[in-house]
file structure.txt (compact mmCIF, N, CA and C atoms)
# COMPACT_ATOMS: atom_id res chain seq x y z
N MET A 1 -1.57 11.60 -15.25
CA MET A 1 -1.98 10.87 -14.08
C MET A 1 -3.43 11.22 -13.79
N LEU A 2 -4.20 10.19 -13.47
CA LEU A 2 -5.60 10.36 -13.09
C LEU A 2 -5.85 9.65 -11.78
N GLY A 3 -6.66 10.23 -10.94
CA GLY A 3 -7.11 9.58 -9.72
C GLY A 3 -8.57 9.21 -9.88
N ILE A 4 -8.93 8.03 -9.40
CA ILE A 4 -10.31 7.57 -9.50
C ILE A 4 -10.75 7.05 -8.14
N ASN A 5 -11.92 7.50 -7.68
CA ASN A 5 -12.47 6.92 -6.45
C ASN A 5 -13.98 6.93 -6.49
N PHE A 6 -14.61 6.51 -5.40
CA PHE A 6 -16.05 6.32 -5.37
C PHE A 6 -16.82 7.58 -4.98
N SER A 7 -16.16 8.65 -4.66
CA SER A 7 -16.83 9.88 -4.24
C SER A 7 -17.59 10.50 -5.40
N THR A 8 -18.55 11.36 -5.07
CA THR A 8 -19.29 12.08 -6.10
C THR A 8 -18.38 13.12 -6.75
N THR A 9 -18.75 13.57 -7.92
CA THR A 9 -17.94 14.58 -8.61
C THR A 9 -17.85 15.86 -7.80
N GLU A 10 -18.93 16.25 -7.13
CA GLU A 10 -18.91 17.46 -6.30
C GLU A 10 -17.96 17.29 -5.11
N ASP A 11 -18.00 16.13 -4.44
CA ASP A 11 -17.09 15.88 -3.33
C ASP A 11 -15.64 15.90 -3.79
N LEU A 12 -15.38 15.32 -4.95
CA LEU A 12 -14.02 15.30 -5.48
C LEU A 12 -13.54 16.72 -5.80
N LYS A 13 -14.41 17.51 -6.39
CA LYS A 13 -14.06 18.89 -6.73
C LYS A 13 -13.72 19.68 -5.46
N THR A 14 -14.53 19.54 -4.43
CA THR A 14 -14.31 20.24 -3.16
C THR A 14 -13.01 19.79 -2.52
N TRP A 15 -12.79 18.48 -2.42
CA TRP A 15 -11.58 17.95 -1.79
C TRP A 15 -10.33 18.37 -2.56
N ARG A 16 -10.39 18.31 -3.89
CA ARG A 16 -9.25 18.70 -4.72
C ARG A 16 -8.86 20.15 -4.44
N ALA A 17 -9.84 21.03 -4.33
CA ALA A 17 -9.57 22.44 -4.03
C ALA A 17 -9.01 22.62 -2.62
N GLU A 18 -9.55 21.88 -1.65
CA GLU A 18 -9.10 21.99 -0.26
C GLU A 18 -7.64 21.62 -0.09
N VAL A 19 -7.19 20.57 -0.77
CA VAL A 19 -5.81 20.10 -0.59
C VAL A 19 -4.86 20.62 -1.66
N GLY A 20 -5.38 21.36 -2.63
CA GLY A 20 -4.53 21.93 -3.66
C GLY A 20 -4.00 20.90 -4.64
N LEU A 21 -4.76 19.86 -4.86
CA LEU A 21 -4.35 18.79 -5.77
C LEU A 21 -4.44 19.26 -7.21
N THR A 22 -3.42 18.97 -8.01
CA THR A 22 -3.43 19.38 -9.41
C THR A 22 -3.80 18.24 -10.35
N ALA A 23 -3.76 17.02 -9.88
CA ALA A 23 -4.10 15.87 -10.72
C ALA A 23 -5.61 15.83 -10.96
N ASP A 24 -5.99 15.30 -12.11
CA ASP A 24 -7.40 15.11 -12.41
C ASP A 24 -7.96 13.95 -11.60
N LEU A 25 -9.21 14.08 -11.17
CA LEU A 25 -9.88 13.03 -10.41
C LEU A 25 -11.15 12.62 -11.15
N LEU A 26 -11.39 11.33 -11.19
CA LEU A 26 -12.57 10.79 -11.85
C LEU A 26 -13.45 10.07 -10.84
N CYS A 27 -14.75 10.11 -11.07
CA CYS A 27 -15.73 9.47 -10.21
C CYS A 27 -16.08 8.09 -10.75
N ASP A 28 -16.00 7.08 -9.89
CA ASP A 28 -16.36 5.70 -10.25
C ASP A 28 -17.46 5.22 -9.29
N ALA A 29 -18.57 5.94 -9.27
CA ALA A 29 -19.64 5.65 -8.31
C ALA A 29 -20.21 4.25 -8.47
N ASP A 30 -20.24 3.72 -9.68
CA ASP A 30 -20.79 2.37 -9.88
C ASP A 30 -19.73 1.27 -9.71
N ARG A 31 -18.50 1.68 -9.41
CA ARG A 31 -17.38 0.77 -9.15
C ARG A 31 -16.94 -0.05 -10.36
N SER A 32 -17.37 0.28 -11.56
CA SER A 32 -17.04 -0.51 -12.74
C SER A 32 -15.55 -0.49 -13.06
N VAL A 33 -14.91 0.68 -12.90
CA VAL A 33 -13.47 0.76 -13.15
C VAL A 33 -12.71 -0.01 -12.07
N ALA A 34 -13.11 0.17 -10.81
CA ALA A 34 -12.45 -0.53 -9.70
C ALA A 34 -12.58 -2.04 -9.86
N LEU A 35 -13.72 -2.50 -10.27
CA LEU A 35 -13.92 -3.94 -10.48
C LEU A 35 -13.04 -4.44 -11.63
N ALA A 36 -12.95 -3.68 -12.70
CA ALA A 36 -12.17 -4.08 -13.87
C ALA A 36 -10.67 -4.15 -13.57
N TYR A 37 -10.18 -3.28 -12.69
CA TYR A 37 -8.75 -3.20 -12.42
C TYR A 37 -8.35 -3.78 -11.08
N GLY A 38 -9.25 -4.45 -10.41
CA GLY A 38 -8.90 -5.12 -9.16
C GLY A 38 -8.84 -4.25 -7.93
N ALA A 39 -9.44 -3.07 -7.99
CA ALA A 39 -9.45 -2.19 -6.82
C ALA A 39 -10.70 -2.37 -5.98
N ALA A 40 -11.59 -3.26 -6.42
CA ALA A 40 -12.78 -3.61 -5.64
C ALA A 40 -13.15 -5.05 -5.96
N GLU A 41 -13.66 -5.74 -4.96
CA GLU A 41 -14.07 -7.13 -5.14
C GLU A 41 -15.56 -7.24 -5.42
N SER A 42 -16.32 -6.19 -5.10
CA SER A 42 -17.76 -6.20 -5.35
C SER A 42 -18.24 -4.77 -5.54
N ALA A 43 -19.40 -4.64 -6.17
CA ALA A 43 -19.97 -3.32 -6.44
C ALA A 43 -20.47 -2.63 -5.18
N ASP A 44 -20.59 -3.36 -4.07
CA ASP A 44 -21.04 -2.72 -2.84
C ASP A 44 -19.89 -2.44 -1.86
N GLN A 45 -18.67 -2.63 -2.30
CA GLN A 45 -17.50 -2.33 -1.46
C GLN A 45 -17.49 -0.84 -1.15
N GLU A 46 -17.34 -0.50 0.12
CA GLU A 46 -17.44 0.91 0.53
C GLU A 46 -16.27 1.75 0.05
N ARG A 47 -15.06 1.21 0.15
CA ARG A 47 -13.86 1.95 -0.28
C ARG A 47 -13.04 1.10 -1.23
N ALA A 48 -12.42 1.76 -2.16
CA ALA A 48 -11.55 1.06 -3.10
C ALA A 48 -10.27 0.62 -2.41
N THR A 49 -9.72 -0.48 -2.86
CA THR A 49 -8.38 -0.88 -2.46
C THR A 49 -7.43 0.06 -3.18
N ARG A 50 -6.48 0.61 -2.49
CA ARG A 50 -5.60 1.60 -3.11
C ARG A 50 -4.59 0.90 -4.01
N VAL A 51 -4.75 1.10 -5.29
CA VAL A 51 -3.83 0.56 -6.29
C VAL A 51 -3.52 1.63 -7.31
N SER A 52 -2.41 1.46 -7.99
CA SER A 52 -2.07 2.30 -9.14
C SER A 52 -1.80 1.39 -10.31
N ILE A 53 -2.21 1.84 -11.47
CA ILE A 53 -2.03 1.06 -12.68
C ILE A 53 -1.17 1.88 -13.64
N LEU A 54 -0.06 1.31 -14.07
CA LEU A 54 0.81 1.96 -15.05
C LEU A 54 0.41 1.43 -16.42
N VAL A 55 -0.06 2.33 -17.27
CA VAL A 55 -0.51 1.98 -18.60
C VAL A 55 0.50 2.49 -19.61
N GLY A 56 0.92 1.61 -20.50
CA GLY A 56 1.91 1.97 -21.51
C GLY A 56 1.33 2.75 -22.66
N PRO A 57 2.18 3.25 -23.52
CA PRO A 57 1.73 4.04 -24.68
C PRO A 57 0.79 3.25 -25.60
N ASP A 58 0.88 1.92 -25.55
CA ASP A 58 0.02 1.08 -26.38
C ASP A 58 -1.34 0.81 -25.73
N GLY A 59 -1.58 1.38 -24.53
CA GLY A 59 -2.84 1.21 -23.84
C GLY A 59 -2.92 -0.05 -23.00
N LYS A 60 -1.85 -0.83 -22.95
CA LYS A 60 -1.84 -2.07 -22.17
C LYS A 60 -1.27 -1.81 -20.77
N VAL A 61 -1.80 -2.56 -19.80
CA VAL A 61 -1.32 -2.45 -18.42
C VAL A 61 0.11 -3.00 -18.35
N MET A 62 1.02 -2.15 -17.89
CA MET A 62 2.42 -2.55 -17.74
C MET A 62 2.70 -3.10 -16.34
N LYS A 63 2.07 -2.49 -15.34
CA LYS A 63 2.33 -2.89 -13.97
C LYS A 63 1.20 -2.42 -13.07
N THR A 64 0.89 -3.21 -12.06
CA THR A 64 -0.09 -2.85 -11.05
C THR A 64 0.63 -2.76 -9.71
N TYR A 65 0.40 -1.69 -8.99
CA TYR A 65 1.03 -1.46 -7.69
C TYR A 65 -0.03 -1.48 -6.61
N THR A 66 0.20 -2.23 -5.56
CA THR A 66 -0.61 -2.11 -4.36
C THR A 66 0.03 -1.00 -3.54
N VAL A 67 -0.72 0.02 -3.23
CA VAL A 67 -0.15 1.21 -2.60
C VAL A 67 -0.42 1.19 -1.10
N SER A 68 0.65 1.12 -0.32
CA SER A 68 0.51 1.22 1.13
C SER A 68 0.98 2.59 1.61
N GLU A 69 1.94 3.17 0.91
CA GLU A 69 2.45 4.48 1.27
C GLU A 69 2.58 5.31 0.00
N ALA A 70 1.73 6.29 -0.16
CA ALA A 70 1.62 7.05 -1.41
C ALA A 70 2.94 7.69 -1.84
N GLU A 71 3.65 8.31 -0.91
CA GLU A 71 4.87 9.02 -1.30
C GLU A 71 5.96 8.07 -1.80
N ALA A 72 6.18 6.97 -1.12
CA ALA A 72 7.19 6.00 -1.55
C ALA A 72 6.78 5.39 -2.88
N HIS A 73 5.51 5.17 -3.06
CA HIS A 73 5.00 4.57 -4.30
C HIS A 73 5.31 5.44 -5.51
N THR A 74 5.22 6.74 -5.35
CA THR A 74 5.48 7.66 -6.45
C THR A 74 6.88 7.45 -7.02
N HIS A 75 7.85 7.27 -6.14
CA HIS A 75 9.22 7.07 -6.59
C HIS A 75 9.37 5.76 -7.37
N GLU A 76 8.70 4.72 -6.91
CA GLU A 76 8.75 3.43 -7.61
C GLU A 76 8.14 3.53 -9.00
N ALA A 77 7.00 4.18 -9.11
CA ALA A 77 6.33 4.31 -10.40
C ALA A 77 7.17 5.16 -11.36
N LEU A 78 7.74 6.24 -10.87
CA LEU A 78 8.58 7.09 -11.72
C LEU A 78 9.82 6.33 -12.20
N ALA A 79 10.39 5.50 -11.35
CA ALA A 79 11.55 4.69 -11.75
C ALA A 79 11.15 3.70 -12.83
N ASP A 80 9.97 3.15 -12.75
CA ASP A 80 9.50 2.18 -13.76
C ASP A 80 9.23 2.87 -15.10
N ILE A 81 8.83 4.12 -15.06
CA ILE A 81 8.60 4.86 -16.31
C ILE A 81 9.93 5.10 -17.01
N GLY A 82 10.95 5.33 -16.19
CA GLY A 82 12.30 5.39 -16.68
C GLY A 82 12.83 6.65 -17.14

call {"tool": "encode", "arguments": {"input": "structure.txt", "output": "structure tokens"}}
result
Amino acid sequence: MLGINFSTTEDLKTWRAEVGLTADLLCDADRSVALAYGAAESADQERATRVSILVGPDGKVMKTYTVSEAEAHTHEALADIG
């Protein structure tokens, strides 16, 4: 699992330590990943739309989730993995 957002790498490192997050976080400052996967409509969007992308072993997108509640979403994604 990877998390991606628009924060700087230093901000992500600090926040990850503060909350005790174990997942890896990636910086998408230019919004290119968000634009490619539908989490942003423009490169000047301030915050990403919260989505999760389930990628299969073949590298293809299996499912896209619009995330409104992170905890409930986790259960749905895990059920889809099977």

call {"tool": "residues_around", "arguments": {"input": "structure.txt", "residues": "stretch 50-53 of chain A", "least_positions_apart": "5", "cutoff": "5 Å", "atoms": "all atoms listed in the file", "output": "list in words"}}
result
Lys63, Thr64, Tyr65, Thr66 and Val67 of chain A

call {"tool": "atom_distance", "arguments": {"input": "structure.txt", "atom1": "atom C of A:Val61", "atom2": "atom C of A:Ile81"}}
result
12.8 Å

call {"tool": "residues_around", "arguments": {"input": "structure.txt", "residues": "stretch 17-27 of chain A", "least_positions_apart": "3", "cutoff": "8 Å", "atoms": "all atoms listed in the file", "output": "PyMOL selection string"}}
result
chain A and resi 1-9+11-14+30-33

call {"tool": "closest_residue", "arguments": {"input": "structure.txt", "among": "A:Ala77, A:Ala29, A:Arg16, A:Ala72", "to": "A:Leu54", "atoms": "only N, CA and C atoms"}}
result
A:Ala77

call {"tool": "atom_distance", "arguments": {"input": "structure.txt", "atom1": "atom CA of A:Met62", "atom2": "atom N of A:Asp80"}}
result
10.7 Å

call {"tool": "atom_distance", "arguments": {"input": "structure.txt", "atom1": "atom CA of A:Asp58", "atom2": "atom CA of A:Ala79"}}
result
19.0 Å

call {"tool": "select_by_dssp", "arguments": {"input": "structure.txt", "residues": "stretch 15-63 of chain A", "states": "helix (DSSP H, G or I)", "output": "PyMOL selection string"}}
result
chain A and resi 15-19+32-37
